[in-house]
$ cat work_29.cif   # mmCIF, C-alpha atoms
data_run
#
loop_
_atom_site.label_atom_id
_atom_site.label_comp_id
_atom_site.auth_asym_id
_atom_site.auth_seq_id
_atom_site.Cartn_x
_atom_site.Cartn_y
_atom_site.Cartn_z
CA MET A 1 -25.26 79.18 -10.55
CA THR A 2 -24.16 75.52 -10.39
CA LYS A 3 -22.50 74.23 -13.53
CA ARG A 4 -24.14 71.09 -14.89
CA LEU A 5 -21.98 68.10 -15.87
CA ASN A 6 -21.66 67.52 -19.54
CA LYS A 7 -22.21 64.08 -20.98
CA SER A 8 -18.55 62.94 -20.86
CA GLU A 9 -18.11 64.17 -17.28
CA PHE A 10 -21.33 62.45 -16.26
CA MET A 11 -20.14 59.17 -17.79
CA MET A 12 -16.78 59.50 -16.06
CA ALA A 13 -18.44 60.06 -12.67
CA TYR A 14 -20.80 57.17 -13.32
CA MET A 15 -17.89 54.83 -14.14
CA ILE A 16 -16.03 55.90 -11.00
CA ILE A 17 -19.08 55.16 -8.86
CA ILE A 18 -19.56 51.77 -10.55
CA SER A 19 -15.85 50.91 -10.10
CA LEU A 20 -15.98 51.83 -6.41
CA ALA A 21 -19.13 49.76 -5.95
CA CYS A 22 -17.52 46.77 -7.66
CA ALA A 23 -14.36 47.14 -5.58
CA VAL A 24 -16.33 47.29 -2.33
CA GLY A 25 -18.55 44.41 -3.42
CA GLY A 26 -15.53 42.37 -4.50
CA PHE A 27 -13.84 43.03 -1.18
CA PHE A 28 -16.82 41.82 0.82
CA PHE A 29 -17.37 38.85 -1.49
CA GLY A 30 -13.67 37.90 -1.18
CA ALA A 31 -13.79 38.29 2.58
CA HIS A 32 -16.91 36.09 2.72
CA TYR A 33 -15.28 33.48 0.46
CA MET A 34 -12.09 33.42 2.56
CA LYS A 35 -14.13 33.19 5.77
CA THR A 36 -16.14 30.28 4.34
CA GLN A 37 -12.95 28.58 3.10
CA ILE A 38 -11.25 28.92 6.49
CA GLU A 39 -14.35 27.64 8.30
CA THR A 40 -14.55 24.65 5.92
CA GLU A 41 -10.88 23.80 6.45
CA GLN A 42 -11.24 24.17 10.22
CA ALA A 43 -14.31 21.92 10.21
CA ALA A 44 -12.47 19.30 8.11
CA ALA A 45 -9.45 19.44 10.41
CA LEU A 46 -11.69 19.11 13.47
CA GLU A 47 -13.53 16.15 11.91
CA ALA A 48 -10.22 14.44 11.06
CA LYS A 49 -8.98 15.04 14.61
CA GLN A 50 -12.20 13.61 16.06
CA LYS A 51 -11.97 10.54 13.79
CA GLU A 52 -8.35 9.97 14.82
CA ALA A 53 -9.28 10.33 18.49
CA GLU A 54 -12.15 7.85 18.02
CA LYS A 55 -9.81 5.40 16.26
CA GLU A 56 -7.28 5.66 19.07
CA ARG A 57 -10.04 5.09 21.62
CA LEU A 58 -11.26 1.99 19.80
CA LEU A 59 -7.69 0.70 19.55
CA ARG A 60 -7.15 1.21 23.27
CA GLU A 61 -10.37 -0.68 23.91
CA GLN A 62 -9.21 -3.36 21.43
CA LYS A 63 -12.28 -2.99 19.24
CA LEU A 64 -10.41 -2.68 15.93
CA TYR A 65 -8.50 -5.25 13.84
CA SER A 66 -9.99 -8.34 15.39
CA GLU A 67 -8.56 -11.82 14.86
CA GLN A 68 -11.74 -12.77 13.00
CA ASP A 69 -11.14 -10.05 10.42
CA PHE A 70 -7.56 -11.21 9.80
CA ILE A 71 -8.71 -14.81 9.42
CA ARG A 72 -11.52 -13.88 7.00
CA PHE A 73 -9.22 -11.63 5.00
CA TYR A 74 -6.44 -14.20 4.79
CA TYR A 75 -8.57 -17.07 3.48
CA ALA A 76 -10.90 -15.00 1.28
CA VAL A 77 -8.40 -12.51 -0.18
CA TYR A 78 -4.73 -12.91 0.63
CA ALA A 79 -4.32 -16.66 0.22
CA PRO A 80 -5.90 -16.72 -3.29
CA ALA A 81 -3.83 -13.68 -4.30
CA LEU A 82 -0.61 -15.27 -3.01
CA ALA A 83 -1.41 -18.53 -4.82
CA MET A 84 -1.76 -16.62 -8.08
CA LYS A 85 1.50 -14.77 -7.46
CA GLN A 86 3.32 -18.04 -6.79
CA ALA A 87 1.94 -19.57 -10.01
CA HIS A 88 3.15 -16.52 -11.95
CA PHE A 89 6.70 -16.71 -10.57
CA ASN A 90 6.82 -20.49 -11.02
CA THR A 91 5.93 -20.00 -14.69
CA MET A 92 8.51 -17.23 -15.17
CA GLU A 93 11.18 -19.42 -13.56
CA LYS A 94 10.57 -22.18 -16.12
CA TRP A 95 9.99 -19.81 -19.05
CA GLY A 96 13.36 -20.25 -20.72
CA GLN A 97 12.99 -24.05 -20.77
CA MET A 98 9.69 -23.94 -22.68
CA ASP A 99 9.10 -23.82 -26.42
CA LYS A 100 6.67 -21.26 -27.82
CA LYS A 101 3.67 -23.58 -27.69
CA GLU A 102 4.34 -24.41 -24.03
CA GLN A 103 4.76 -20.72 -23.25
CA SER A 104 1.40 -19.94 -24.87
CA GLU A 105 -0.26 -22.70 -22.86
CA SER A 106 1.37 -21.43 -19.64
CA LEU A 107 0.06 -17.93 -20.26
CA LYS A 108 -3.39 -19.37 -20.91
CA GLN A 109 -3.26 -21.22 -17.58
CA LEU A 110 -2.15 -18.06 -15.74
CA VAL A 111 -5.07 -16.14 -17.23
CA LYS A 112 -7.45 -18.91 -16.20
CA LEU A 113 -6.11 -18.84 -12.63
CA ALA A 114 -6.30 -15.02 -12.54
CA GLU A 115 -9.94 -15.18 -13.68
CA GLN A 116 -10.73 -17.62 -10.87
CA THR A 117 -8.88 -15.40 -8.38
CA LYS A 118 -10.79 -12.33 -9.55
CA LYS A 119 -14.09 -14.12 -8.98
CA GLU A 120 -13.02 -15.07 -5.47
CA LEU A 121 -11.85 -11.56 -4.64
CA GLU A 122 -15.00 -9.94 -6.01
CA LYS A 123 -17.06 -11.68 -3.34
CA ASN A 124 -18.14 -9.63 -0.34
CA VAL A 125 -15.86 -10.14 2.67
CA PRO A 126 -17.14 -8.59 5.92
CA LEU A 127 -14.26 -6.85 7.70
CA PRO A 128 -16.18 -4.59 10.09
CA THR A 129 -13.29 -3.64 12.38
CA SER A 130 -10.44 -3.35 9.87
CA PRO A 131 -10.58 -0.43 7.41
CA LEU A 132 -7.02 -1.05 6.17
CA LEU A 133 -7.91 -4.64 5.27
CA VAL A 134 -10.98 -3.36 3.40
CA GLN A 135 -8.69 -1.08 1.39
CA ALA A 136 -6.30 -3.98 0.77
CA HIS A 137 -9.17 -6.15 -0.48
CA ASN A 138 -10.24 -3.49 -2.98
CA LEU A 139 -6.68 -2.90 -4.17
CA PHE A 140 -5.93 -6.61 -4.62
CA THR A 141 -9.12 -6.95 -6.65
CA ASP A 142 -8.07 -4.01 -8.83
CA SER A 143 -4.60 -5.50 -9.21
CA ILE A 144 -5.95 -8.82 -10.50
CA ARG A 145 -8.10 -6.97 -13.02
CA ALA A 146 -5.01 -5.05 -14.14
CA TYR A 147 -3.09 -8.34 -14.37
CA LEU A 148 -5.70 -9.75 -16.74
CA ASP A 149 -5.60 -6.60 -18.89
CA SER A 150 -1.80 -6.80 -19.06
CA MET A 151 -1.83 -10.51 -19.88
CA GLU A 152 -4.14 -9.86 -22.80
CA HIS A 153 -1.43 -7.66 -24.33
CA VAL A 154 1.31 -10.14 -23.41
CA ARG A 155 -0.51 -13.00 -25.13
CA SER A 156 -1.09 -10.87 -28.22
CA ASP A 157 2.61 -9.96 -28.38
CA GLN A 158 3.66 -13.54 -27.71
CA ASN A 159 1.77 -14.72 -30.78
CA SER A 160 4.00 -12.65 -33.07
CA ASN A 161 7.19 -12.09 -31.07
CA ALA A 162 9.33 -13.88 -28.52
CA VAL A 163 8.70 -12.32 -25.09
CA THR A 164 10.87 -12.72 -22.02
CA PRO A 165 9.97 -12.58 -18.32
CA SER A 166 11.43 -9.04 -18.32
CA ASP A 167 9.11 -8.08 -21.20
CA ILE A 168 6.15 -9.48 -19.29
CA ALA A 169 7.14 -7.66 -16.10
CA GLY A 170 7.43 -4.42 -18.07
CA ARG A 171 3.77 -4.66 -19.05
CA MET A 172 2.58 -5.08 -15.44
CA THR A 173 3.05 -1.53 -14.09
CA LEU A 174 -0.54 -0.87 -12.99
CA PHE A 175 -0.87 -4.38 -11.58
CA ASN A 176 2.38 -3.99 -9.64
CA ASN A 177 1.42 -0.60 -8.22
CA ASN A 178 -1.97 -1.82 -7.01
CA TRP A 179 -0.52 -5.02 -5.58
CA LEU A 180 2.29 -3.27 -3.70
CA THR A 181 -0.09 -0.69 -2.25
CA ALA A 182 -2.47 -3.46 -1.18
CA GLN A 183 0.46 -5.29 0.39
CA GLU A 184 1.34 -2.15 2.36
CA ARG A 185 -2.20 -2.00 3.73
CA VAL A 186 -2.02 -5.63 4.88
CA TYR A 187 1.19 -5.12 6.84
CA HIS A 188 0.10 -1.73 8.12
CA SER A 189 -2.98 -3.43 9.56
CA ALA A 190 -0.76 -6.04 11.25
CA ALA A 191 1.32 -3.21 12.75
CA VAL A 192 -1.87 -1.55 14.04
CA TRP A 193 -2.97 -4.89 15.51
CA GLU A 194 0.41 -5.17 17.22
CA SER A 195 0.15 -1.66 18.66
CA ALA A 196 -3.29 -2.41 20.10
CA TYR A 197 -2.86 -5.97 21.37
CA VAL A 198 0.87 -6.46 21.95
CA THR A 199 2.90 -3.30 22.59
CA LYS A 200 -0.14 -1.22 23.61
CA GLN A 201 1.72 1.79 22.23
CA PRO A 202 0.46 4.01 19.38
CA LEU A 203 2.21 3.82 16.03
CA PRO A 204 4.30 6.79 14.88
CA LYS A 205 2.09 9.38 13.18
CA GLU A 206 4.36 9.47 10.14
CA LEU A 207 6.72 6.97 8.54
CA PRO A 208 10.30 7.73 9.56
CA SER A 209 12.38 9.39 6.84
CA ALA A 210 15.46 7.45 7.96
CA VAL A 211 15.95 4.46 10.26
CA THR A 212 19.31 3.53 11.74
CA THR A 213 20.05 -0.12 12.43
CA ALA A 214 19.89 0.64 16.17
CA VAL A 215 16.38 2.09 15.80
CA TRP A 216 15.37 -0.78 13.51
CA ARG A 217 16.17 -3.28 16.26
CA GLN A 218 13.96 -1.39 18.71
CA TYR A 219 10.89 -1.41 16.48
CA PRO A 220 8.44 -4.29 17.04
CA PHE A 221 8.30 -7.02 14.39
CA HIS A 222 5.10 -6.04 12.59
CA TYR A 223 6.09 -2.40 12.37
CA ARG A 224 9.44 -3.46 10.90
CA THR A 225 7.57 -5.58 8.37
CA TYR A 226 5.32 -2.64 7.51
CA LEU A 227 8.48 -0.62 6.80
CA ALA A 228 9.74 -3.50 4.66
CA ALA A 229 6.47 -3.41 2.69
CA THR A 230 6.76 0.35 2.13
CA SER A 231 10.35 -0.08 0.91
CA MET A 232 9.17 -2.70 -1.60
CA SER A 233 6.55 -0.24 -2.87
CA ALA A 234 9.07 2.58 -3.12
CA GLY A 235 11.47 0.36 -5.05
CA LYS A 236 8.71 -1.13 -7.28
CA GLN A 237 9.79 -4.53 -5.99
CA TRP A 238 7.04 -7.02 -6.83
CA GLN A 239 8.87 -10.21 -5.93
CA SER A 240 8.18 -13.87 -5.22
CA TYR A 241 8.88 -13.20 -1.53
CA ASN A 242 6.71 -11.33 0.97
CA PRO A 243 7.61 -8.42 3.27
CA GLU A 244 8.03 -10.77 6.25
CA ASP A 245 10.73 -12.62 4.27
CA LEU A 246 12.53 -9.31 3.70
CA THR A 247 12.20 -8.45 7.39
CA ALA A 248 13.67 -11.80 8.44
CA ARG A 249 16.63 -11.42 6.10
CA LEU A 250 17.23 -7.83 7.30
CA ASP A 251 17.04 -8.95 10.93
CA MET A 252 19.62 -11.63 10.22
CA LEU A 253 21.92 -9.09 8.59
CA VAL A 254 21.50 -6.39 11.24
CA SER A 255 22.08 -8.83 14.12
CA SER A 256 25.24 -10.26 12.56
CA ASN A 257 28.80 -8.99 12.44
CA ASP A 258 28.41 -8.66 8.67
CA ALA A 259 26.46 -5.41 9.02
CA GLN A 260 29.27 -3.76 10.96
CA THR A 261 31.94 -5.19 8.66
CA LEU A 262 30.12 -3.92 5.57
CA GLY A 263 29.41 -0.52 7.10
CA ILE A 264 25.65 -0.99 7.11
CA LYS A 265 24.30 1.69 9.42
CA ASP A 266 20.70 2.15 8.33
CA PHE A 267 17.62 0.41 6.99
CA ALA A 268 17.92 1.85 3.48
CA SER A 269 21.47 0.61 2.92
CA ALA A 270 20.57 -2.81 4.36
CA VAL A 271 17.66 -3.12 1.90
CA LYS A 272 19.91 -2.14 -1.01
CA LEU A 273 22.46 -4.76 0.01
CA VAL A 274 20.04 -7.69 0.31
CA HIS A 275 18.45 -6.77 -3.03
CA ALA A 276 21.80 -6.34 -4.78
CA THR A 277 23.02 -9.72 -3.51
CA ASP A 278 19.70 -11.50 -4.18
CA ALA A 279 19.72 -12.53 -0.52
CA VAL A 280 15.93 -12.61 0.01
CA HIS A 281 13.83 -15.59 -1.04
CA ALA A 282 10.25 -16.71 -0.62
CA GLY A 283 9.94 -18.66 2.61
CA ASP A 284 12.84 -16.96 4.43
CA PHE A 285 10.57 -15.92 7.30
CA LYS A 286 9.33 -19.46 7.95
CA GLU A 287 12.85 -20.83 7.62
CA LEU A 288 14.24 -18.34 10.16
CA ASN A 289 11.15 -18.08 12.35
CA SER A 290 12.22 -20.43 15.14
CA ARG A 291 15.72 -18.98 15.23
CA LEU A 292 14.73 -15.30 15.26
CA TYR A 293 11.17 -15.11 16.55
CA SER A 294 10.55 -17.86 19.09
CA SER A 295 8.10 -15.69 21.05
CA LEU A 296 6.54 -13.73 18.18
CA LYS A 297 2.94 -12.64 18.69
CA ALA A 298 0.95 -12.38 15.48
CA PRO A 299 -2.59 -12.75 14.16
CA GLU A 300 -3.57 -16.42 14.00
CA ILE A 301 -3.16 -16.91 10.27
CA PRO A 302 -0.88 -19.31 8.32
CA LEU A 303 1.24 -16.40 7.12
CA TYR A 304 3.11 -16.41 10.44
CA LYS A 305 3.19 -20.15 11.13
#
$ encode --input "work_29.cif" --output "structure tokens"
Amino acid sequence: MTKRLNKSEFMMAYMIIISLACAVGGFFFGAHYMKTQIETEQAAALEAKQKEAEKERLLREQKLYSEQDFIRFYYAVYAPALAMKQAHFNTMEKWGQMDKKEQSESLKQLVKLAEQTKKELEKNVPLPTSPLLVQAHNLFTDSIRAYLDSMEHVRSDQNSNAVTPSDIAGRMTLFNNNWLTAQERVYHSAAVWESAYVTKQPLPKELPSAVTTAVWRQYPFHYRTYLAATSMSAGKQWQSYNPEDLTARLDMLVSSNDAQTLGIKDFASAVKLVHATDAVHAGDFKELNSRLYSSLKAPEIPLYK
């Protein structure tokens, strides 16, 4: 005669069956989740690959980064932003010669100019062939907003305490970050333009981790300037000069005997040297243009003239 399970044995058997069912169900659910995750990642990778292939095709066919986009971007976005930057540095240069009332008035004028610049940058600017310039436009607009927020705090502090240009710069972190990233996008777009219309060679997929002076010389101008812009971002260097000014000064150094004499063998050490010696100034590119770049090809905007 078959022995019947008592209550505790029945419960134990029931729990074992439930545990096995959960384990099997969990296994199949996990397998389905992993399969779905892998398929999603593969689809995303395929889509990214297809987009990159389409971008390269359009670049080969010279359908991206048109001259018209650079011209529209320069006059509608970059020129107003640069004018505001110049006004800021002009004010900081004269700061120590002003009394407190003049400083307050100068800050007021900077805020007024920044408000005007923000209005200009908030206008729609059609840049149909230049996604990097679209990103730069958005980032410059964000940077001007951040500038106004920072200046509100600066003006409040200035009413009760003496503030220095260093104090003001210390309150501009978000503004600086947005500006420098926007600046990178501008010079990256110029490098892409150069690859499509001048060298007709694709850009490196990744930024080089190290660049010797010999390799630096071989890079085309706009790619060198893009590297200069990325170095300014990495070093948090929001300065009165532009990346093309840094490029020109680096090119002068690398092409001279000074680089060999000083043991400068790579891009990073050259950048450190020109910063440490305060060798770069606004306008260096235009001053050295005819000497260094007599046959330079660039988008038809005043930046390179």
$ atom_distance --input "work_29.cif" --atom1 "atom CA of His222 of chain A" --atom2 "atom CA of Lys286 of chain A"
14.8 Å
$ closest_residue --input "work_29.cif" --among "A:Ser160, A:Asn242, A:Gln68, A:Ser290" --to "Val186 of chain A" --atoms "all atoms listed in the file"
A:Asn242
$ atom_distance --input "work_29.cif" --atom1 "atom CA of Asn90 of chain A" --atom2 "atom CA of Leu110 of chain A"
10.4 Å
$ closest_residue --input "work_29.cif" --among "A:Leu82, A:Val254, A:Leu20, A:Ala182" --to "Ala229 of chain A" --atoms "only C-alpha atoms"
A:Ala182
$ resolve_selection --input "work_29.cif" --expression "the PyMOL selection byres ((chain A and resi 287) around 12)" --output "ChimeraX atom specification"
/A:244-245,248-249,252,280-286,288-293,304-305
